[in-house]
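Pasted below: start-v6.cif, mmCIF, C-alpha atoms.
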data_entry
loop_
_atom_site.label_atom_id
_atom_site.label_comp_id
_atom_site.auth_asym_id
_atom_site.auth_seq_id
_atom_site.Cartn_x
_atom_site.Cartn_y
_atom_site.Cartn_z
CA LEU A 14 -62.14 -165.54 -28.53
CA ASP A 15 -62.98 -168.24 -26.00
CA ARG A 16 -64.70 -167.12 -22.79
CA PHE A 17 -64.75 -163.42 -23.76
CA LYS A 18 -68.46 -163.17 -22.95
CA HIS A 19 -67.73 -164.32 -19.42
CA VAL A 20 -65.11 -161.56 -19.03
CA ASN A 21 -67.63 -158.98 -20.25
CA ASP A 22 -70.36 -160.22 -17.92
CA SER A 23 -68.22 -160.68 -14.83
CA LEU A 24 -65.77 -157.76 -15.10
CA GLY A 25 -67.77 -155.29 -17.21
CA HIS A 26 -67.72 -154.02 -20.80
CA HIS A 27 -64.99 -151.48 -20.06
CA ILE A 28 -62.55 -154.26 -19.16
CA GLY A 29 -63.82 -156.24 -22.17
CA ASP A 30 -63.03 -153.32 -24.49
CA LEU A 31 -59.52 -152.96 -23.08
CA LEU A 32 -59.02 -156.71 -23.47
CA LEU A 33 -60.05 -156.50 -27.15
CA GLU A 34 -57.46 -153.75 -27.68
CA GLN A 35 -54.71 -155.92 -26.22
CA VAL A 36 -55.87 -158.91 -28.28
CA GLY A 37 -55.69 -156.79 -31.44
CA GLN A 38 -52.15 -155.71 -30.59
CA ARG A 39 -51.01 -159.28 -29.99
CA LEU A 40 -52.65 -160.54 -33.17
CA SER A 41 -50.80 -157.88 -35.16
CA THR A 42 -47.46 -159.25 -33.93
CA CYS A 43 -48.35 -162.69 -35.38
CA LEU A 44 -48.82 -161.42 -38.93
CA ARG A 45 -46.71 -160.15 -41.82
CA GLY A 46 -46.99 -156.81 -43.57
CA VAL A 47 -48.91 -158.34 -46.49
CA ASP A 48 -51.61 -159.80 -44.20
CA THR A 49 -54.81 -158.08 -43.09
CA ILE A 50 -56.60 -158.24 -39.75
CA ALA A 51 -60.04 -156.90 -38.84
CA ARG A 52 -62.46 -157.16 -35.97
CA LEU A 53 -65.80 -157.87 -37.60
CA GLY A 54 -67.81 -157.54 -34.41
CA GLY A 55 -68.18 -158.85 -30.88
CA ASP A 56 -65.29 -161.12 -30.02
CA GLU A 57 -64.58 -162.29 -33.59
CA PHE A 58 -61.51 -161.29 -35.59
CA THR A 59 -60.84 -162.15 -39.23
CA VAL A 60 -57.36 -162.53 -40.71
CA THR A 61 -56.57 -162.65 -44.43
CA LEU A 62 -53.28 -164.34 -45.30
CA THR A 63 -51.86 -163.80 -48.78
CA GLU A 64 -48.84 -165.09 -50.71
CA LEU A 65 -48.83 -168.48 -48.99
CA GLN A 66 -46.97 -171.34 -50.68
CA LYS A 67 -49.62 -173.84 -49.57
CA LYS A 68 -52.77 -173.59 -47.49
CA GLN A 69 -51.25 -175.69 -44.69
CA ASP A 70 -48.94 -172.74 -43.96
CA ALA A 71 -51.98 -171.03 -42.40
CA ALA A 72 -51.73 -173.58 -39.58
CA ILE A 73 -48.33 -172.13 -38.60
CA VAL A 74 -49.93 -168.71 -38.15
CA ALA A 75 -52.90 -170.25 -36.29
CA ASP A 76 -50.56 -172.02 -33.85
CA LYS A 77 -48.70 -168.75 -33.27
CA ILE A 78 -51.99 -166.90 -32.54
CA ILE A 79 -53.20 -169.62 -30.16
CA SER A 80 -49.91 -169.52 -28.27
CA GLU A 81 -49.91 -165.71 -28.11
CA LEU A 82 -53.49 -165.44 -26.81
CA ALA A 83 -52.97 -168.21 -24.25
CA ARG A 84 -50.59 -165.95 -22.30
CA PRO A 85 -52.35 -164.11 -19.43
CA PHE A 86 -53.55 -160.54 -19.98
CA GLU A 87 -53.27 -157.93 -17.23
CA ILE A 88 -55.83 -155.11 -17.11
CA HIS A 89 -56.11 -152.72 -14.15
CA GLY A 90 -54.42 -155.28 -11.90
CA GLN A 91 -56.74 -158.10 -13.04
CA ILE A 92 -55.14 -161.22 -14.49
CA ILE A 93 -57.37 -162.51 -17.31
CA ARG A 94 -56.92 -165.77 -19.22
CA ILE A 95 -58.76 -166.48 -22.42
CA GLY A 96 -58.07 -168.56 -25.52
CA CYS A 97 -59.23 -168.66 -29.09
CA SER A 98 -60.91 -170.97 -31.57
CA ILE A 99 -59.78 -170.60 -35.19
CA GLY A 100 -61.50 -171.70 -38.39
CA ILE A 101 -59.48 -171.73 -41.64
CA THR A 102 -60.72 -171.72 -45.23
CA SER A 103 -58.79 -171.22 -48.48
CA PHE A 104 -59.37 -169.59 -51.87
CA PRO A 105 -59.98 -171.01 -54.42
CA ASP A 106 -59.87 -174.59 -53.02
CA ASP A 107 -62.97 -174.21 -50.83
CA THR A 108 -64.85 -171.44 -52.62
CA THR A 109 -64.39 -168.39 -54.86
CA GLU A 110 -67.06 -166.30 -53.10
CA LEU A 111 -65.99 -163.91 -50.33
CA SER A 112 -69.23 -164.34 -48.38
CA SER A 113 -68.84 -168.12 -48.57
CA MET A 114 -65.27 -167.88 -47.27
CA LEU A 115 -66.43 -166.04 -44.17
CA LYS A 116 -69.21 -168.58 -43.68
CA ASN A 117 -66.79 -171.50 -44.13
CA ALA A 118 -64.31 -170.08 -41.65
CA ASP A 119 -67.16 -169.57 -39.18
CA MET A 120 -68.29 -173.19 -39.54
CA ALA A 121 -64.74 -174.45 -39.02
CA MET A 122 -64.42 -172.26 -35.93
CA TYR A 123 -67.59 -173.71 -34.41
CA GLU A 124 -66.23 -177.18 -35.12
CA VAL A 125 -63.28 -176.25 -32.88
CA LYS A 126 -65.60 -174.96 -30.18
CA ASP A 127 -67.53 -178.23 -30.31
CA LYS A 128 -64.34 -180.22 -29.81
CA GLY A 129 -63.15 -178.25 -26.79
CA LYS A 130 -61.87 -174.86 -28.03
CA ASN A 131 -58.34 -173.36 -28.07
CA ALA A 132 -57.34 -174.97 -31.39
CA TYR A 133 -57.76 -174.55 -35.16
CA GLU A 134 -59.60 -176.50 -37.84
CA PHE A 135 -59.58 -176.40 -41.65
CA PHE A 136 -62.96 -176.18 -43.38
CA SER A 137 -64.35 -179.31 -45.01
CA PRO A 138 -67.64 -179.73 -46.96
CA ASP A 139 -68.98 -182.06 -44.21
CA MET A 140 -69.10 -179.07 -41.88
CA THR A 141 -72.04 -177.54 -43.77
CA LYS A 142 -74.17 -180.53 -42.86
CA HIS A 143 -72.89 -180.38 -39.28
CA ALA A 144 -73.66 -176.64 -38.98
CA ASN A 145 -77.21 -177.14 -40.23
CA HIS A 146 -77.67 -179.99 -37.76
CA ARG A 147 -76.39 -177.80 -34.94
CA MET A 148 -78.77 -174.95 -35.85
CA GLU A 149 -81.65 -177.40 -35.84
CA LEU A 150 -80.65 -178.74 -32.42
CA GLU A 151 -80.34 -175.21 -31.01
CA LYS A 152 -83.87 -174.36 -32.18
CA ASP A 153 -85.20 -177.66 -30.80
CA LEU A 154 -83.44 -177.16 -27.44
CA TYR A 155 -85.53 -174.04 -26.88
CA SER A 156 -88.65 -176.12 -27.46
CA ALA A 157 -87.39 -179.02 -25.35
CA LEU A 158 -86.84 -176.72 -22.37
CA LYS A 159 -90.22 -175.05 -22.85
CA ASN A 160 -92.07 -178.38 -23.23
CA ASN A 161 -90.23 -180.13 -20.40
CA GLU A 162 -88.60 -182.71 -22.69
CA LEU A 163 -85.28 -182.61 -20.82
CA TYR A 164 -84.71 -184.95 -17.91
CA LEU A 165 -82.05 -185.86 -15.35
CA HIS A 166 -80.18 -189.06 -14.70
CA TYR A 167 -78.06 -189.55 -11.60
CA GLN A 168 -74.74 -191.35 -11.10
CA PRO A 169 -73.85 -192.63 -7.64
CA ILE A 170 -70.59 -191.76 -5.90
CA THR A 171 -69.37 -194.37 -3.41
CA ASN A 172 -67.48 -193.78 -0.17
CA LEU A 173 -64.54 -196.21 -0.16
CA GLN A 174 -64.43 -196.41 3.65
CA THR A 175 -68.07 -197.41 4.12
CA GLY A 176 -68.74 -198.97 0.70
CA LYS A 177 -72.02 -197.07 0.57
CA ILE A 178 -73.44 -194.52 -1.85
CA CYS A 179 -72.80 -191.10 -0.30
CA THR A 180 -73.61 -188.72 -3.19
CA VAL A 181 -75.39 -188.71 -6.55
CA GLU A 182 -74.39 -186.43 -9.42
CA ALA A 183 -77.23 -184.93 -11.48
CA LEU A 184 -76.59 -185.26 -15.23
CA LEU A 185 -78.64 -183.67 -18.02
CA ARG A 186 -80.28 -185.85 -20.69
CA TRP A 187 -82.30 -185.11 -23.84
CA LYS A 188 -83.95 -187.65 -26.12
CA HIS A 189 -84.62 -185.81 -29.38
CA SER A 190 -87.73 -186.95 -31.26
CA LYS A 191 -85.80 -187.16 -34.54
CA HIS A 192 -82.13 -187.62 -33.64
CA GLY A 193 -82.50 -189.78 -30.55
CA GLN A 194 -80.26 -189.33 -27.51
CA VAL A 195 -78.24 -186.12 -27.81
CA PRO A 196 -74.75 -186.39 -26.21
CA PRO A 197 -74.67 -184.39 -22.93
CA ASP A 198 -71.57 -182.41 -23.93
CA LYS A 199 -73.36 -181.34 -27.15
CA ILE A 200 -76.40 -180.15 -25.16
CA ILE A 201 -74.17 -178.04 -22.91
CA SER A 202 -72.13 -176.72 -25.86
CA ILE A 203 -75.27 -175.59 -27.70
CA ALA A 204 -76.72 -174.08 -24.52
CA GLU A 205 -73.47 -172.19 -23.81
CA GLU A 206 -73.26 -170.72 -27.29
CA SER A 207 -76.93 -169.74 -27.49
CA ASP A 208 -77.28 -168.19 -24.00
CA LEU A 209 -79.74 -170.93 -23.05
CA ILE A 210 -77.30 -172.16 -20.42
CA LEU A 211 -78.76 -169.84 -17.77
CA LYS A 212 -82.29 -171.19 -18.21
CA VAL A 213 -81.06 -174.78 -18.55
CA GLY A 214 -78.90 -174.35 -15.43
CA GLU A 215 -81.84 -172.99 -13.45
CA TRP A 216 -84.03 -175.90 -14.62
CA ILE A 217 -81.39 -178.44 -13.52
CA LEU A 218 -81.06 -176.86 -10.08
CA LYS A 219 -84.81 -176.86 -9.47
CA GLN A 220 -85.32 -180.43 -10.72
CA ALA A 221 -82.36 -181.83 -8.77
CA PHE A 222 -83.40 -180.15 -5.50
CA GLN A 223 -86.93 -181.53 -5.89
CA GLN A 224 -85.56 -185.04 -6.40
CA LEU A 225 -83.24 -184.82 -3.40
CA THR A 226 -86.26 -183.86 -1.29
CA ARG A 227 -88.12 -186.96 -2.56
CA TRP A 228 -85.20 -189.20 -1.56
CA ARG A 229 -85.01 -187.55 1.84
CA SER A 230 -88.74 -188.21 2.34
CA GLN A 231 -88.04 -191.88 1.53
CA GLY A 232 -85.61 -192.00 4.44
CA TYR A 233 -82.30 -191.41 2.59
CA THR A 234 -81.39 -188.41 4.71
CA ASN A 235 -77.62 -188.87 4.42
CA LEU A 236 -77.57 -188.62 0.63
CA HIS A 237 -75.66 -185.69 -0.88
CA LEU A 238 -76.35 -184.12 -4.29
CA ALA A 239 -73.74 -182.90 -6.81
CA ILE A 240 -74.70 -180.45 -9.58
CA ASN A 241 -72.48 -179.13 -12.37
CA MET A 242 -72.33 -175.36 -12.75
CA SER A 243 -71.44 -173.60 -15.99
CA THR A 244 -68.92 -170.77 -15.85
CA ARG A 245 -71.64 -168.58 -17.34
CA GLN A 246 -73.80 -169.09 -14.22
CA PHE A 247 -71.30 -166.97 -12.33
CA ASP A 248 -72.01 -163.96 -14.54
CA ARG A 249 -72.75 -160.79 -12.62
CA LYS A 250 -76.20 -160.41 -14.18
CA TYR A 251 -77.26 -163.91 -13.11
CA ASP A 252 -77.83 -164.16 -9.36
CA ASN A 253 -77.37 -167.90 -8.90
CA VAL A 254 -76.54 -167.39 -5.20
CA ARG A 255 -80.04 -166.04 -4.54
CA LEU A 256 -81.61 -168.94 -6.47
CA ILE A 257 -79.61 -171.59 -4.60
CA LYS A 258 -80.34 -169.89 -1.28
CA SER A 259 -84.08 -169.95 -2.01
CA LEU A 260 -83.94 -173.63 -3.04
CA ILE A 261 -82.03 -174.61 0.11
CA PHE A 262 -84.57 -172.74 2.24
CA GLN A 263 -87.58 -174.06 0.29
CA HIS A 264 -86.48 -177.70 0.52
CA GLN A 265 -84.91 -177.43 3.99
CA ILE A 266 -81.60 -179.00 2.90
CA PRO A 267 -79.00 -179.22 5.71
CA GLU A 268 -75.51 -177.71 5.37
CA ASN A 269 -72.92 -179.50 3.22
CA TYR A 270 -75.49 -181.69 1.43
CA ILE A 271 -75.28 -179.76 -1.86
CA HIS A 272 -72.06 -180.02 -3.90
CA LEU A 273 -71.61 -177.53 -6.75
CA GLU A 274 -69.10 -178.70 -9.34
CA ILE A 275 -67.05 -175.98 -11.04
CA THR A 276 -64.39 -176.25 -13.73
CA GLU A 277 -60.72 -175.43 -13.41
CA SER A 278 -61.21 -172.58 -15.89
CA LEU A 279 -63.38 -170.78 -13.33
CA MET A 280 -60.54 -171.05 -10.80
CA LEU A 281 -58.31 -169.21 -13.27
CA GLU A 282 -60.58 -166.15 -13.16
CA ASP A 283 -58.54 -163.89 -10.92
CA SER A 284 -61.67 -161.93 -10.14
CA ARG A 285 -62.98 -160.49 -6.90
CA LEU A 286 -66.49 -161.24 -8.15
CA ILE A 287 -65.75 -164.97 -8.53
CA LEU A 288 -64.14 -165.16 -5.10
CA ASP A 289 -67.04 -163.26 -3.51
CA THR A 290 -69.60 -165.52 -5.23
CA LEU A 291 -67.85 -168.72 -4.12
CA SER A 292 -67.55 -167.33 -0.57
CA GLU A 293 -71.29 -166.51 -0.53
CA LEU A 294 -72.08 -170.06 -1.61
CA LYS A 295 -69.86 -171.40 1.15
CA GLU A 296 -71.74 -169.29 3.68
CA LEU A 297 -74.95 -171.00 2.50
CA GLY A 298 -73.44 -174.33 3.55
CA VAL A 299 -72.67 -175.48 -0.01
CA LEU A 300 -69.61 -177.63 -0.75
CA LEU A 301 -67.54 -176.63 -3.79
CA SER A 302 -66.02 -179.29 -6.02
CA VAL A 303 -63.46 -178.87 -8.84
CA ASP A 304 -64.49 -181.12 -11.73
CA ASP A 305 -62.05 -182.82 -14.16
CA PHE A 306 -59.11 -181.84 -11.95
CA GLY A 307 -55.71 -182.19 -13.60
CA THR A 308 -56.76 -181.44 -17.19
CA GLY A 309 -56.40 -177.66 -17.02
CA TYR A 310 -53.94 -175.23 -15.48
CA SER A 311 -54.06 -176.68 -11.98
CA SER A 312 -52.33 -174.57 -9.37
CA LEU A 313 -51.88 -174.97 -5.65
CA SER A 314 -52.27 -171.23 -5.20
CA TYR A 315 -55.85 -171.38 -6.53
CA LEU A 316 -56.70 -174.32 -4.28
CA ARG A 317 -55.43 -172.42 -1.25
CA LYS A 318 -57.05 -169.11 -2.17
CA LEU A 319 -60.50 -170.36 -3.14
CA PRO A 320 -62.89 -172.09 -0.70
CA ILE A 321 -62.69 -175.53 -2.40
CA ASP A 322 -63.79 -178.72 -0.59
CA ILE A 323 -63.56 -181.50 -3.19
CA LEU A 324 -61.25 -182.49 -6.06
CA LYS A 325 -62.54 -184.82 -8.78
CA ILE A 326 -59.70 -186.55 -10.63
CA ASP A 327 -60.50 -186.54 -14.34
CA GLN A 328 -61.48 -189.92 -15.74
CA SER A 329 -58.83 -189.77 -18.47
CA PHE A 330 -56.16 -190.41 -15.82
CA ILE A 331 -58.08 -193.35 -14.35
CA ARG A 332 -58.66 -194.82 -17.83
CA ASN A 333 -54.92 -194.87 -18.57
CA LEU A 334 -53.91 -196.42 -15.25
CA SER A 335 -53.11 -199.83 -16.75
CA LEU A 336 -51.11 -198.41 -19.67
CA ARG A 337 -48.08 -197.42 -17.57
CA SER A 338 -48.57 -193.88 -18.83
CA GLY A 339 -47.28 -192.21 -15.68
CA ASP A 340 -50.83 -191.32 -14.67
CA ASP A 341 -50.52 -193.56 -11.60
CA ALA A 342 -47.89 -191.20 -10.17
CA LEU A 343 -50.07 -188.19 -10.95
CA ILE A 344 -53.11 -189.77 -9.27
CA LYS A 345 -51.07 -190.57 -6.16
CA ALA A 346 -49.81 -186.98 -6.10
CA ILE A 347 -53.33 -185.53 -6.40
CA ILE A 348 -54.63 -187.79 -3.60
CA ALA A 349 -51.70 -186.83 -1.34
CA MET A 350 -52.15 -183.14 -2.15
CA GLY A 351 -55.87 -183.35 -1.43
CA GLN A 352 -55.20 -184.98 1.92
CA SER A 353 -52.63 -182.34 2.86
CA LEU A 354 -55.19 -179.60 2.09
CA ASN A 355 -58.02 -181.46 3.91
CA LEU A 356 -59.93 -181.89 0.66
CA THR A 357 -62.09 -184.85 -0.31
CA VAL A 358 -60.72 -186.59 -3.43
CA ILE A 359 -63.10 -188.35 -5.84
CA ALA A 360 -61.89 -190.48 -8.77
CA GLU A 361 -64.15 -190.39 -11.84
CA GLY A 362 -64.45 -193.05 -14.54
CA VAL A 363 -63.71 -196.12 -12.40
CA GLU A 364 -64.60 -199.13 -14.55
CA THR A 365 -62.44 -202.06 -13.42
CA LYS A 366 -61.54 -203.93 -10.26
CA GLU A 367 -57.86 -203.09 -10.86
CA GLN A 368 -58.57 -199.35 -10.92
CA LEU A 369 -60.64 -199.64 -7.74
CA THR A 370 -57.92 -201.62 -5.94
CA PHE A 371 -55.29 -199.01 -6.87
CA LEU A 372 -57.46 -196.18 -5.55
CA GLN A 373 -58.21 -198.10 -2.32
CA GLN A 374 -54.50 -198.77 -1.78
CA HIS A 375 -53.71 -195.09 -2.10
CA GLU A 376 -56.61 -194.01 0.13
CA CYS A 377 -58.74 -192.13 -2.37
CA ASN A 378 -61.87 -191.01 -0.49
CA GLN A 379 -64.64 -191.67 -3.02
CA VAL A 380 -65.12 -193.16 -6.49
CA GLN A 381 -67.59 -192.78 -9.34
CA GLY A 382 -67.94 -194.81 -12.53
CA TYR A 383 -69.45 -197.71 -14.43
CA TYR A 384 -67.84 -200.26 -12.08
CA PHE A 385 -70.59 -199.31 -9.62
CA SER A 386 -73.26 -197.85 -11.88
CA LYS A 387 -73.78 -195.84 -15.05
CA PRO A 388 -76.04 -192.74 -14.74
CA VAL A 389 -79.58 -194.01 -14.13
CA SER A 390 -83.07 -192.70 -13.44
CA ALA A 391 -84.14 -191.45 -10.01
CA ASP A 392 -86.20 -194.62 -9.47
CA GLU A 393 -83.17 -196.81 -10.18
CA ILE A 394 -81.12 -194.75 -7.70
CA SER A 395 -83.80 -195.52 -5.08
CA THR A 396 -83.34 -199.23 -5.84
CA LEU A 397 -79.55 -198.94 -5.54
CA LEU A 398 -79.89 -197.09 -2.23
CA LYS A 399 -82.08 -199.94 -0.89
#
What do you get writing this file as structure tokens?
Amino acid sequence: LDRFKHVNDSLGHHIGDLLLEQVGQRLSTCLRGVDTIARLGGDEFTVTLTELQKKQDAAIVADKIISELARPFEIHGQIIRIGCSIGITSFPDDTTELSSMLKNADMAMYEVKDKGKNAYEFFSPDMTKHANHRMELEKDLYSALKNNELYLHYQPITNLQTGKICTVEALLRWKHSKHGQVPPDKIISIAEESDLILKVGEWILKQAFQQLTRWRSQGYTNLHLAINMSTRQFDRKYDNVRLIKSLIFQHQIPENYIHLEITESLMLEDSRLILDTLSELKELGVLLSVDDFGTGYSSLSYLRKLPIDILKIDQSFIRNLSLRSGDDALIKAIIAMGQSLNLTVIAEGVETKEQLTFLQQHECNQVQGYYFSKPVSADEISTLLK
């Protein structure tokens, strides 16, 4: 199950147990009498399909399960949305050993999680190599965090009215001694799965606040700082509000100078805890930004209910602007909606003059992308600010 751990941590194990019961019931409706389903532990279920004409028929069942679990669950008045990642392996094509089948299915499932979750994947022999590589990276990430081998780059965000850099977004980087530069999404994926995300998130916050203080001491007192927050950092057991409050106080950062970027999936958590946490952050003078807006289950009701300040249009829409894909109409609608709700709208992934001109014509507030600058070191940001 995708995001089950977050449900457990934010709503409690009792709600998690009731959710697992409902999941089991729904899974049963997707199967035939000759099939077997079992919960092997935690949030993992295993299904055995027999009497299939061909192994591709398993994909039909997988699609049915994904669709069934995508529907909202209601438990004690709480609306909960999860998804699932499914790995598929077949006997005897892939292996004749039961233990190997479970291992293969697990590897295929993690391949799905790596690619974005809420889908299925058939096992292939290449996945064994990939799984071993992932385990190695997970072990090395622990060491990298301990030995201070991680570092931050920053990408400027430009105000289209003034033409000046108004904000920088802190972005995590890791140059592995053996594998070279590890893709940022892979770092976050490994951290999320291994529970390292809380320590990594805390490290990012502390480093980014320190750097903002250095820029302020250099005279750049109008510069804002954007930091991505993992959904896991809103877990009940992790008091990120207290940490951020202490950092704001320690570094004497004025109100509205810190932007915390959250994902649309967090907005879907119909949870009093999430709303209370976001409200506490607002009281600290933090601005809240919805990252990759438009790629998830966007809803006006969430934007009105939650204390959001900024919408970031996902770069996939900007990238397709010139392809007459209909994304231009969507971008115009998001900008107009943002204006009507008094939200700041930022377009990500701006790479060409044509894209910039379109966004200027339709009064987008701010832009971010390679047209202005790729993510660079703190020293290079200082040069750009000059």
**Q.** the PyMOL selection byres ((chain A and resi 14) around 6) applied to the shown file, residues as a ChimeraX atom specification
**A.** /A:15,17,56,96-97
Take the residues from that selection and put them in a file with C-alpha atoms, as a PDB file, in the coordinates of the input.
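The result, stored in part.pdb:
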ATOM      1  CA  ASP A  15     -62.980-168.240 -26.000  1.00  0.00           C
ATOM      2  CA  PHE A  17     -64.750-163.420 -23.760  1.00  0.00           C
ATOM      3  CA  ASP A  56     -65.290-161.120 -30.020  1.00  0.00           C
ATOM      4  CA  GLY A  96     -58.070-168.560 -25.520  1.00  0.00           C
ATOM      5  CA  CYS A  97     -59.230-168.660 -29.090  1.00  0.00           C
TER       6      CYS A  97
END
Q: Extract, using all atoms listed in the file, all DNA, RNA and protein residues at most 9 Å from segment 240-248 of chain A, discarding same-chain residues fewer than 4 positions from it, and format them as number ranges by chain.
A: A: 16, 18-24, 181-184, 201, 205, 208, 210-211, 214-215, 217-218, 221, 252-254, 271-276, 278-279, 286-287, 290, 304
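What the PyMOL selection byres ((chain A and resi 164) around 8) matches in the given file is Asn161, Glu162, Leu163, Leu165, His166, Leu185, Arg186 and Trp187 of chain A.
In this comparison, which uses all atoms listed in the file, the residue of A:Leu294, A:Thr171, A:Phe262, A:Pro267 approaching Phe385 of chain A most closely is A:Thr171.
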Q) atom CA of Lys126 of chain A and atom CA of Ile93 of chain A, how far apart in Å? A) 19.7 Å
Q: Please provide as a PyMOL selection string all residues within 6 Å of segment 136-148 of chain A, with the sequence filter that same-chain residues fewer than 2 positions apart are discarded (counting all atoms listed in the file).
A: chain A and resi 101-102+121+150-151
Contact residues around Lys366 of chain A with only C-alpha atoms at 9 Å, ignoring same-chain residues under 4 positions, as a PDB file with C-alpha atoms, in the coordinates of the input:
ATOM      1  CA  THR A 370     -57.920-201.620  -5.940  1.00  0.00           C
ATOM      2  CA  PHE A 371     -55.290-199.010  -6.870  1.00  0.00           C
ATOM      3  CA  TYR A 384     -67.840-200.260 -12.080  1.00  0.00           C
TER       4      TYR A 384
END
Q) Which one is closest to Ala239 of chain A: A:Gln328, A:Thr108, A:Ser80, A:Gln381? Count only C-alpha atoms. A)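 Residue with the minimum atom-to-atom distance to Ala239 of chain A: A:Gln381.
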First collect every listed atom of segment 383-389 of chain A; then fit an axis-aligned box around them, widen it by 6 Å on each side, and give centre and edge lengths in Å to one decimal, as AutoDock Vina command-line options.
--center_x -73.7 --center_y -196.5 --center_z -12.3 --size_x 23.7 --size_y 19.5 --size_z 17.4
Near Leu158 of chain A, within 9 Å and counting all atoms listed in the file, which residues show up once chain neighbours fewer than 6 positions away are dropped, as a PDB file with C-alpha atoms, in the frame of the given file?
ATOM      1  CA  LYS A 212     -82.290-171.190 -18.210  1.00  0.00           C
ATOM      2  CA  VAL A 213     -81.060-174.780 -18.550  1.00  0.00           C
ATOM      3  CA  TRP A 216     -84.030-175.900 -14.620  1.00  0.00           C
TER       4      TRP A 216
END
(Q) Given the point (-52.7, -185.9, -8.9) in the coordinates of this file, which residues lie within 10 Å, counting only C-alpha atoms, and how would they look as a list of chain:residue names? (A)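 Every polymer residue passing the test: A:Phe306, A:Gly307, A:Ser311, A:Leu324, A:Lys325, A:Ile326, A:Asp327, A:Phe330, A:Asp340, A:Asp341, A:Ala342, A:Leu343, A:Ile344, A:Lys345, A:Ala346, A:Ile347, A:Ile348, A:Ala349, A:Met350, A:Gly351, A:Val358.
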Hey, can you spit out that residue selection with C-alpha atoms as an mmCIF file, in the frame of the given file?
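Written file, out_9.cif:
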data_model
loop_
_atom_site.group_PDB
_atom_site.id
_atom_site.type_symbol
_atom_site.label_atom_id
_atom_site.label_comp_id
_atom_site.auth_asym_id
_atom_site.auth_seq_id
_atom_site.Cartn_x
_atom_site.Cartn_y
_atom_site.Cartn_z
ATOM 1 C CA PHE A 306 -59.110 -181.840 -11.950
ATOM 2 C CA GLY A 307 -55.710 -182.190 -13.600
ATOM 3 C CA SER A 311 -54.060 -176.680 -11.980
ATOM 4 C CA LEU A 324 -61.250 -182.490 -6.060
ATOM 5 C CA LYS A 325 -62.540 -184.820 -8.780
ATOM 6 C CA ILE A 326 -59.700 -186.550 -10.630
ATOM 7 C CA ASP A 327 -60.500 -186.540 -14.340
ATOM 8 C CA PHE A 330 -56.160 -190.410 -15.820
ATOM 9 C CA ASP A 340 -50.830 -191.320 -14.670
ATOM 10 C CA ASP A 341 -50.520 -193.560 -11.600
ATOM 11 C CA ALA A 342 -47.890 -191.200 -10.170
ATOM 12 C CA LEU A 343 -50.070 -188.190 -10.950
ATOM 13 C CA ILE A 344 -53.110 -189.770 -9.270
ATOM 14 C CA LYS A 345 -51.070 -190.570 -6.160
ATOM 15 C CA ALA A 346 -49.810 -186.980 -6.100
ATOM 16 C CA ILE A 347 -53.330 -185.530 -6.400
ATOM 17 C CA ILE A 348 -54.630 -187.790 -3.600
ATOM 18 C CA ALA A 349 -51.700 -186.830 -1.340
ATOM 19 C CA MET A 350 -52.150 -183.140 -2.150
ATOM 20 C CA GLY A 351 -55.870 -183.350 -1.430
ATOM 21 C CA VAL A 358 -60.720 -186.590 -3.430
#
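Restricting the calculation to all atoms listed in the file, the smallest distance between Ile78 of chain A and any of A:Gln38, A:Gln91, A:Ser207, A:Ser103 is found for A:Gln38.
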Q: List every protein, DNA or RNA residue with an atom no more than 7 Å from (-67.5, -179.0, -4.5) in the file's coordinates, counting all atoms listed in the file, and format the result as a list of chain:residue names.
A: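 Answer for this query, in the requested form: A:His272, A:Leu273, A:Glu274, A:Leu300, A:Leu301, A:Ser302, A:Val303, A:Ile321, A:Asp322, A:Ile323.
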Q | Evaluate the PyMOL selection byres ((chain A and resi 65-69) around 12) and report residues as JSON, numbers by chain | A | {"A": [45, 47, 48, 61, 62, 63, 64, 70, 71, 72, 73, 74, 75, 76, 101, 102, 103, 104, 105, 106, 107, 133, 134, 135, 136]}
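For the atom pair formed by atom CA of Leu256 of chain A and atom CA of Pro169 of chain A, the distance is 25.0 Å, given to one decimal.
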